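What follows is the content of model07.cif (mmCIF, C-alpha atoms).
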data_target
loop_
_atom_site.label_atom_id
_atom_site.label_comp_id
_atom_site.auth_asym_id
_atom_site.auth_seq_id
_atom_site.Cartn_x
_atom_site.Cartn_y
_atom_site.Cartn_z
CA MET A 80 0.00 0.00 0.00
CA ARG A 81 1.31 3.44 -0.94
CA VAL A 82 0.10 6.57 0.86
CA LEU A 83 0.72 10.28 0.20
CA GLY A 84 0.72 12.24 3.46
CA VAL A 85 -0.11 15.96 3.27
CA ASP A 86 0.65 18.35 6.15
CA PRO A 87 -1.31 21.34 4.82
CA GLY A 88 0.00 24.90 5.05
CA LEU A 89 0.22 28.02 2.90
CA THR A 90 3.82 28.95 3.72
CA ARG A 91 5.06 25.35 3.93
CA CYS A 92 3.04 22.33 2.81
CA GLY A 93 4.73 19.02 3.70
CA LEU A 94 4.41 16.06 1.31
CA GLY A 95 5.58 12.51 1.96
CA VAL A 96 5.01 9.20 0.20
CA VAL A 97 5.35 5.98 2.23
CA GLU A 98 4.96 2.40 1.03
CA GLY A 99 4.45 -0.83 2.93
CA SER A 100 2.10 -2.85 5.09
CA THR A 101 1.74 -3.62 8.79
CA GLY A 102 4.23 -6.00 10.32
CA ARG A 103 6.94 -5.10 7.81
CA PRO A 104 9.28 -2.11 7.80
CA LEU A 105 7.81 0.84 5.86
CA THR A 106 9.75 2.65 3.13
CA ALA A 107 9.88 6.37 2.31
CA VAL A 108 9.36 6.80 -1.45
CA ALA A 109 9.55 10.61 -1.60
CA VAL A 110 9.45 13.63 0.69
CA GLY A 111 9.31 17.35 0.04
CA VAL A 112 7.94 20.74 1.01
CA VAL A 113 6.06 23.20 -1.19
CA ARG A 114 6.84 26.75 -0.11
CA THR A 115 5.04 29.93 -1.14
CA ALA A 116 6.04 33.45 -0.13
CA ALA A 117 3.74 35.35 2.24
CA ARG A 118 4.06 38.51 0.12
CA THR A 119 2.56 36.69 -2.90
CA ASP A 120 -1.13 36.95 -3.85
CA LEU A 121 -3.28 34.35 -2.02
CA GLY A 122 -4.78 33.00 -5.27
CA ALA A 123 -1.32 32.48 -6.81
CA ARG A 124 -0.16 30.68 -3.64
CA LEU A 125 -3.14 28.32 -3.65
CA VAL A 126 -2.80 27.60 -7.39
CA THR A 127 0.92 26.79 -6.95
CA ILE A 128 0.24 24.39 -4.08
CA GLY A 129 -2.72 22.82 -5.93
CA ALA A 130 -0.54 22.17 -9.00
CA GLU A 131 2.13 20.49 -6.83
CA LEU A 132 -0.51 18.30 -5.14
CA ASP A 133 -1.84 17.22 -8.57
CA ASP A 134 1.72 16.55 -9.72
CA TRP A 135 2.66 14.41 -6.69
CA ILE A 136 -0.54 12.35 -6.95
CA ASP A 137 -0.02 11.75 -10.69
CA ARG A 138 3.68 10.95 -10.26
CA TYR A 139 3.43 8.62 -7.22
CA GLN A 140 -0.05 7.12 -7.81
CA PRO A 141 -0.89 6.61 -4.11
CA ASP A 142 -3.61 4.17 -2.99
CA ALA A 143 -4.75 6.74 -0.40
CA VAL A 144 -4.08 10.36 0.54
CA ALA A 145 -3.77 11.13 4.28
CA VAL A 146 -4.44 14.76 5.24
CA GLU A 147 -4.05 16.35 8.66
CA ARG A 148 -7.44 17.21 10.11
CA VAL A 149 -7.40 20.94 10.82
CA PHE A 150 -9.01 22.32 13.95
CA SER A 151 -10.15 25.92 14.08
CA GLN A 152 -9.02 26.07 17.72
CA HIS A 153 -5.31 25.74 16.83
CA ASN A 154 -3.24 28.67 15.67
CA VAL A 155 -6.10 30.99 14.67
CA ARG A 156 -3.83 33.28 12.64
CA THR A 157 -2.88 30.65 10.06
CA VAL A 158 -5.84 28.27 10.23
CA MET A 159 -7.72 29.71 7.23
CA GLY A 160 -4.84 29.09 4.82
CA THR A 161 -4.29 25.65 6.30
CA ALA A 162 -7.97 24.77 5.80
CA GLN A 163 -7.87 26.05 2.20
CA VAL A 164 -4.82 23.91 1.38
CA SER A 165 -6.36 20.84 3.05
CA GLY A 166 -9.45 21.36 0.86
CA LEU A 167 -7.28 21.39 -2.28
CA ALA A 168 -5.60 18.10 -1.22
CA ILE A 169 -8.99 16.46 -0.52
CA VAL A 170 -10.37 17.62 -3.90
CA ALA A 171 -7.24 16.54 -5.83
CA ALA A 172 -7.54 12.99 -4.41
CA THR A 173 -11.34 12.70 -4.65
CA ARG A 174 -11.38 13.86 -8.31
CA ARG A 175 -9.09 10.90 -9.11
CA GLY A 176 -11.18 8.42 -7.09
CA ILE A 177 -8.43 8.03 -4.47
CA PRO A 178 -9.71 7.61 -0.87
CA VAL A 179 -8.88 10.35 1.62
CA ALA A 180 -8.08 9.69 5.29
CA LEU A 181 -8.18 12.55 7.78
CA HIS A 182 -6.03 12.11 10.91
CA THR A 183 -5.75 14.42 13.91
CA PRO A 184 -2.28 15.55 15.00
CA SER A 185 -2.55 13.45 18.19
CA GLU A 186 -3.52 10.30 16.25
CA VAL A 187 -0.41 10.79 14.11
CA LYS A 188 1.87 11.42 17.09
CA ALA A 189 0.46 8.40 18.94
CA ALA A 190 0.89 6.14 15.87
CA VAL A 191 4.52 7.11 15.36
CA THR A 192 5.86 7.73 18.88
CA GLY A 193 3.36 5.96 21.15
CA SER A 194 2.31 9.27 22.72
CA GLY A 195 -0.34 11.68 21.43
CA ARG A 196 1.52 14.51 23.16
CA ALA A 197 4.96 13.98 21.58
CA ASP A 198 6.77 17.12 20.34
CA LYS A 199 8.10 17.82 16.85
CA VAL A 200 11.62 16.66 17.74
CA GLN A 201 10.34 13.28 18.98
CA VAL A 202 8.12 12.82 15.89
CA THR A 203 11.00 13.63 13.52
CA ALA A 204 13.37 11.27 15.40
CA MET A 205 10.88 8.37 15.21
CA VAL A 206 10.14 9.03 11.51
CA VAL A 207 13.89 8.91 10.74
CA ARG A 208 14.27 5.69 12.75
CA LEU A 209 11.16 3.85 11.52
CA LEU A 210 11.79 4.69 7.87
CA ARG A 211 15.57 4.18 8.23
CA LEU A 212 16.27 7.57 6.62
CA GLY A 213 19.90 8.58 5.98
CA GLU A 214 19.18 12.12 7.19
CA GLN A 215 16.43 14.18 8.83
CA PRO A 216 13.73 15.60 6.53
CA SER A 217 14.45 19.29 5.74
CA THR A 218 11.61 20.64 7.94
CA PRO A 219 9.14 19.36 10.56
CA ASP A 220 6.39 19.74 7.89
CA ALA A 221 8.12 17.12 5.72
CA ALA A 222 8.54 14.78 8.71
CA ASP A 223 4.88 15.31 9.66
CA ALA A 224 3.78 14.40 6.12
CA LEU A 225 5.71 11.10 6.34
CA ALA A 226 4.26 10.47 9.82
CA LEU A 227 0.72 11.07 8.44
CA ALA A 228 1.28 8.50 5.69
CA MET A 229 2.65 5.96 8.24
CA CYS A 230 -0.30 6.58 10.56
CA CYS A 231 -2.71 5.98 7.65
CA ILE A 232 -1.07 2.65 6.72
CA TRP A 233 -1.07 1.38 10.34
CA ARG A 234 -4.50 2.68 11.33
CA GLY A 235 -5.98 1.44 8.07
CA ALA A 236 -4.64 -2.02 8.87
CA ALA A 237 -6.02 -1.78 12.43
CA VAL A 238 -9.44 -0.74 11.11
CA ASP A 239 -9.35 -3.64 8.63
CA ARG A 240 -8.59 -6.08 11.50
CA LEU A 241 -11.42 -4.64 13.61
CA THR A 242 -13.84 -4.80 10.68
CA ALA A 243 -12.85 -8.43 10.02
CA ALA A 244 -13.22 -9.28 13.75
CA ALA A 245 -16.66 -7.62 13.85
CA ARG A 246 -17.74 -9.51 10.71
CA ALA A 247 -16.53 -12.80 12.25
CA ALA A 248 -18.39 -11.99 15.50
CA ARG A 249 -21.63 -11.26 13.59
CA ALA A 250 -21.22 -14.50 11.62
CA ASP A 251 -20.67 -16.40 14.90
CA LEU A 252 -23.74 -14.73 16.41
CA SER A 253 -26.03 -15.59 13.51
CA ALA A 254 -24.68 -19.18 13.52
CA ALA A 255 -25.50 -19.36 17.27
CA GLN A 256 -29.01 -17.93 16.64
CA ALA A 257 -29.53 -20.44 13.84
CA GLU A 258 -28.66 -23.18 16.28
CA VAL A 259 -31.19 -21.87 18.80
CA THR A 260 -34.04 -21.68 16.29
CA THR A 261 -33.51 -25.09 14.74
CA MET B 232 -18.28 45.16 -15.38
CA ARG B 233 -19.59 41.72 -14.43
CA VAL B 234 -18.85 40.16 -11.04
CA LEU B 235 -19.54 36.69 -9.63
CA GLY B 236 -20.14 36.85 -5.88
CA VAL B 237 -19.50 33.70 -3.83
CA ASP B 238 -20.82 33.27 -0.28
CA PRO B 239 -18.81 30.14 0.60
CA GLY B 240 -20.32 27.25 2.56
CA LEU B 241 -20.33 23.46 2.49
CA THR B 242 -24.06 22.98 3.10
CA ARG B 243 -25.15 26.01 1.07
CA CYS B 244 -22.83 28.00 -1.19
CA GLY B 245 -24.47 31.17 -2.56
CA LEU B 246 -23.63 32.30 -6.10
CA GLY B 247 -24.71 35.58 -7.72
CA VAL B 248 -23.72 37.38 -10.91
CA VAL B 249 -24.21 41.17 -11.10
CA GLU B 250 -23.46 43.49 -13.99
CA GLY B 251 -23.11 47.27 -14.14
CA SER B 252 -21.04 50.23 -13.13
CA THR B 253 -21.21 52.95 -10.47
CA GLY B 254 -23.80 55.67 -10.94
CA ARG B 255 -26.15 53.40 -12.91
CA PRO B 256 -28.58 50.78 -11.62
CA LEU B 257 -26.96 47.34 -11.37
CA THR B 258 -28.53 44.21 -12.90
CA ALA B 259 -28.72 40.67 -11.53
CA VAL B 260 -27.63 38.25 -14.28
CA ALA B 261 -27.97 35.00 -12.32
CA VAL B 262 -28.39 33.77 -8.78
CA GLY B 263 -28.32 30.31 -7.21
CA VAL B 264 -27.30 28.10 -4.32
CA VAL B 265 -25.21 24.91 -4.44
CA ARG B 266 -26.33 22.51 -1.73
CA THR B 267 -24.55 19.39 -0.52
CA ALA B 268 -25.85 16.99 2.11
CA ALA B 269 -24.05 16.84 5.47
CA ARG B 270 -24.19 13.02 5.42
CA THR B 271 -22.14 12.93 2.19
CA ASP B 272 -18.36 12.38 2.15
CA LEU B 273 -16.40 15.66 2.54
CA GLY B 274 -14.36 15.04 -0.63
CA ALA B 275 -17.49 14.46 -2.72
CA ARG B 276 -19.06 17.66 -1.33
CA LEU B 277 -15.99 19.76 -2.16
CA VAL B 278 -15.70 18.26 -5.66
CA THR B 279 -19.40 18.99 -6.35
CA ILE B 280 -19.07 22.61 -5.23
CA GLY B 281 -15.77 23.02 -7.13
CA ALA B 282 -17.40 21.77 -10.35
CA GLU B 283 -20.31 24.24 -9.93
CA LEU B 284 -17.87 27.12 -9.35
CA ASP B 285 -15.95 26.19 -12.52
CA ASP B 286 -19.24 25.93 -14.41
CA TRP B 287 -20.54 29.34 -13.27
CA ILE B 288 -17.25 31.08 -14.11
CA ASP B 289 -17.14 29.47 -17.58
CA ARG B 290 -20.82 30.20 -18.27
CA TYR B 291 -20.95 33.83 -17.05
CA GLN B 292 -17.33 34.91 -17.79
CA PRO B 293 -17.09 37.43 -14.93
CA ASP B 294 -14.46 40.22 -14.93
CA ALA B 295 -13.87 39.56 -11.21
CA VAL B 296 -14.87 37.04 -8.53
CA ALA B 297 -15.80 38.44 -5.11
CA VAL B 298 -15.47 36.00 -2.20
CA GLU B 299 -16.48 36.56 1.41
CA ARG B 300 -13.40 36.80 3.60
CA VAL B 301 -13.75 34.09 6.25
CA PHE B 302 -12.74 34.76 9.83
CA SER B 303 -11.84 31.89 12.12
CA GLN B 304 -13.49 33.75 15.02
CA HIS B 305 -16.99 33.35 13.52
CA ASN B 306 -18.98 30.18 13.83
CA VAL B 307 -16.14 27.82 14.78
CA ARG B 308 -18.17 24.71 14.03
CA THR B 309 -18.56 25.39 10.29
CA VAL B 310 -15.55 27.60 9.59
CA MET B 311 -13.27 24.86 8.25
CA GLY B 312 -15.70 23.87 5.46
CA THR B 313 -16.32 27.54 4.67
CA ALA B 314 -12.57 28.16 4.36
CA GLN B 315 -12.16 25.10 2.12
CA VAL B 316 -14.94 26.28 -0.23
CA SER B 317 -13.54 29.84 -0.32
CA GLY B 318 -10.16 28.33 -1.32
CA LEU B 319 -11.81 26.47 -4.22
CA ALA B 320 -13.45 29.70 -5.45
CA ILE B 321 -10.16 31.62 -5.24
CA VAL B 322 -8.32 28.85 -7.13
CA ALA B 323 -11.04 28.53 -9.82
CA ALA B 324 -10.79 32.28 -10.57
CA THR B 325 -6.99 32.57 -10.32
CA ARG B 326 -6.43 29.59 -12.65
CA ARG B 327 -8.41 31.48 -15.31
CA GLY B 328 -6.55 34.76 -14.71
CA ILE B 329 -9.66 36.40 -13.22
CA PRO B 330 -8.95 38.81 -10.32
CA VAL B 331 -10.30 37.87 -6.88
CA ALA B 332 -11.65 40.41 -4.40
CA LEU B 333 -12.09 39.42 -0.75
CA HIS B 334 -14.68 41.41 1.22
CA THR B 335 -15.53 41.14 4.90
CA PRO B 336 -19.19 40.64 5.88
CA SER B 337 -19.32 44.15 7.35
CA GLU B 338 -17.90 45.75 4.17
CA VAL B 339 -20.65 44.01 2.21
CA LYS B 340 -23.41 45.03 4.63
CA ALA B 341 -22.15 48.63 4.69
CA ALA B 342 -21.99 48.79 0.87
CA VAL B 343 -25.54 47.52 0.41
CA THR B 344 -27.46 48.90 3.42
CA GLY B 345 -25.25 51.74 4.68
CA SER B 346 -24.63 49.90 7.96
CA GLY B 347 -21.92 47.31 8.68
CA ARG B 348 -24.18 45.81 11.35
CA ALA B 349 -27.29 45.21 9.22
CA ASP B 350 -29.05 41.86 9.68
CA LYS B 351 -29.84 39.27 6.99
CA VAL B 352 -33.40 40.57 6.50
CA GLN B 353 -32.16 44.12 5.85
CA VAL B 354 -29.45 42.90 3.43
CA THR B 355 -31.95 40.78 1.49
CA ALA B 356 -34.48 43.67 1.34
CA MET B 357 -31.86 46.09 -0.03
CA VAL B 358 -30.57 43.53 -2.56
CA VAL B 359 -34.14 43.03 -3.87
CA ARG B 360 -34.68 46.81 -4.08
CA LEU B 361 -31.32 47.82 -5.59
CA LEU B 362 -31.38 45.05 -8.21
CA ARG B 363 -35.15 45.51 -8.81
CA LEU B 364 -35.76 41.76 -8.36
CA GLY B 365 -39.27 40.40 -8.89
CA GLU B 366 -38.93 38.15 -5.82
CA GLN B 367 -36.58 37.46 -2.93
CA PRO B 368 -33.63 35.13 -3.59
CA SER B 369 -34.38 31.62 -2.28
CA THR B 370 -32.00 31.84 0.71
CA PRO B 371 -29.93 34.49 2.54
CA ASP B 372 -26.81 32.84 1.01
CA ALA B 373 -28.05 33.70 -2.49
CA ALA B 374 -28.82 37.30 -1.42
CA ASP B 375 -25.38 37.55 0.22
CA ALA B 376 -23.70 36.40 -2.99
CA LEU B 377 -25.48 39.16 -4.95
CA ALA B 378 -24.56 41.69 -2.22
CA LEU B 379 -20.89 40.60 -2.45
CA ALA B 380 -20.88 41.19 -6.21
CA MET B 381 -22.51 44.64 -5.76
CA CYS B 382 -20.00 45.55 -3.05
CA CYS B 383 -17.15 44.56 -5.36
CA ILE B 384 -18.44 46.72 -8.23
CA TRP B 385 -18.96 49.77 -5.99
CA ARG B 386 -15.79 49.42 -3.92
CA GLY B 387 -13.75 48.67 -7.04
CA ALA B 388 -15.02 51.92 -8.54
CA ALA B 389 -14.20 53.76 -5.29
CA VAL B 390 -10.66 52.29 -5.31
CA ASP B 391 -10.28 53.32 -8.98
CA ARG B 392 -11.32 56.89 -8.09
CA LEU B 393 -8.85 56.98 -5.17
CA THR B 394 -6.06 55.58 -7.35
CA ALA B 395 -6.82 58.17 -10.06
CA ALA B 396 -6.90 60.95 -7.43
CA ALA B 397 -3.58 59.76 -6.00
CA ARG B 398 -2.04 59.63 -9.47
CA ALA B 399 -3.30 63.16 -10.21
CA ALA B 400 -1.89 64.36 -6.87
CA ARG B 401 1.51 62.81 -7.64
CA ALA B 402 1.49 64.39 -11.13
CA ASP B 403 0.61 67.75 -9.54
CA LEU B 404 3.41 67.33 -7.01
CA SER B 405 6.07 66.51 -9.59
CA ALA B 406 4.87 69.44 -11.75
CA ALA B 407 5.25 71.69 -8.70
CA GLN B 408 8.73 70.30 -7.99
CA ALA B 409 9.69 70.79 -11.63
CA GLU B 410 8.62 74.44 -11.27
CA VAL B 411 10.79 74.84 -8.16
CA THR B 412 13.90 73.37 -9.78
CA THR B 413 13.68 75.35 -13.03
#
Any chance you could put this one into structure tokens?
Amino acid sequence: MRVLGVDPGLTRCGLGVVEGSTGRPLTAVAVGVVRTAARTDLGARLVTIGAELDDWIDRYQPDAVAVERVFSQHNVRTVMGTAQVSGLAIVAATRRGIPVALHTPSEVKAAVTGSGRADKVQVTAMVVRLLRLGEQPSTPDAADALALAMCCIWRGAAVDRLTAAARAARADLSAAQAEVTT
Amino acid sequence: MRVLGVDPGLTRCGLGVVEGSTGRPLTAVAVGVVRTAARTDLGARLVTIGAELDDWIDRYQPDAVAVERVFSQHNVRTVMGTAQVSGLAIVAATRRGIPVALHTPSEVKAAVTGSGRADKVQVTAMVVRLLRLGEQPSTPDAADALALAMCCIWRGAAVDRLTAAARAARADLSAAQAEVTT
């Protein structure tokens, strides 16, 4: 399974592609940051980021796109731009029929470090270790994008296991009921 | 001058096209609301609204697109979707080289009613009167979209007058300086 993680932002938008499945080491396929200058027109910034998102999806053909779920409570000054960029990522994936997973920052931190309250340094260190990277990603946004993709692969697998367990339980239950009625 | 006004929203996105220039009565060319159901997937909702925005811009060929400036302070529960839709409108216009104007709700209310604190009923009543509409727009979102377009036409004209006045003042000043030096 290949996932593109997107840490949305107007000034820096982190992008990371991770491949693998649960129980095996994951691999980083690509990582990068799209930067746009604050002095530039908002429309031009959004169009630039949108074009990069399209380009990464077309180039890396992910099976899913994982986007950080933005909360309006956090960082009020920058939240509008962050929400706008997250919308572009969701639209770029949905237009191509690629499923979108939204993960909260604490889900991502918990998946990668074991603690939902880990700081950026801890997240980056675990991303480097788990993906066996030769060097640290250039910015925390790039590391966060890789962490998002890893979280999506692991949580997706966990959800699949739970769904399978629930299906098995329902099957068991209806078998038991069948026994009672006969 | 023809302007498409966009009152961004996930559940209801108001769209209104107004044509005219300052000093003459303005005309409503088209008005509508894009609705998406809250139970639908977020990606599908954003793609639907994005396609309608593209369609309206291509059909009505506006000279400018006026979008309500979203504040994170207002209505925290719905602000993320509103920001995402506003981003789609800004991108749809910018990709086509059409200028985008962002207006705050109080700028729009002041332009249309004379008061930045007017309520929805007052805004709708003034929109109906100023555009000589036969009936009220179906929802306040539709009326707001028309009001945004009207605000853009009037404020744009005001900005043009100020720019022209400033240019004339600078020309006067350099003429005066030329007189001093000769």
**OP:** Check what the PyMOL selection byres ((chain B) within 8 of (chain A)) selects in the file above and give those residues as number ranges by chain.
**Re:** B: 274-275, 277-278, 301-304, 307, 310-312, 314-319, 321-322, 325-326, 331
**OP:** Quick one: apply the PyMOL selection byres ((chain A and resi 218) around 12) to the file and drop the selected residues here as an NGL selection string.
**Re:** :A and (86 or 91-95 or 110-114 or 199-200 or 202-203 or 214-217 or 219-225)
Original post:
Which value, in Å to one decimal, gives the distance between atom CA of Asp289 of chain B and atom CA of Arg118 of chain A?
Top reply: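 Spanning atom CA of Asp289 of chain B to atom CA of Arg118 of chain A is a straight-line distance of 29.1 Å.
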**OP:** Any chance you could resolve the PyMOL selection byres ((chain B and resi 336) around 12) against this file and give the residues as a count of residues only?
**Re:** 34
Original post:
atom CA of Val358 of chain B and atom CA of Leu257 of chain B are how many Å apart?
Top reply: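 These atoms are spaced 10.3 Å apart.
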**OP:** Taking the point (-3.3, -1.6, 6.7) as given in the file, collect each protein or nucleic acid residue that comes within 6 Å of it, counting only C-alpha atoms, and present the set as an MDAnalysis selection string.
**Re:** chainID A and resid 100:101 232:233 235:236
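You will find atom CA of Ala130 of chain A at 21.8 Å from atom CA of Ala332 of chain B.
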Original post:
Near Arg138 of chain A, counting all atoms listed in the file, which residues have an atom at most 12 Å away, once you skip same-chain residues fewer than 5 positions from it, shown as a PyMOL selection string?
Top reply: chain A and resi 83+96+108-109+131-133
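Within 6 Å of Val249 of chain B, once all atoms listed in the file are used and residues closer than 6 positions along the same chain are dropped, the contacting residues are B:Arg233, B:Val234, B:Thr258, B:Ala259, B:Val260, B:Ala380.
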Subject >> Among listed residues A:Thr115, A:Arg103, A:Gly84, A:Leu89, nearest Tyr139 of chain A (using only C-alpha atoms) >> reply: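 Smallest distance to Tyr139 of chain A is found for A:Gly84.
Of the listed residues (A:Arg249, A:Gly193, A:Cys231, A:Ala204), A:Cys231 comes nearest to Pro141 of chain A; the distances count all atoms listed in the file.
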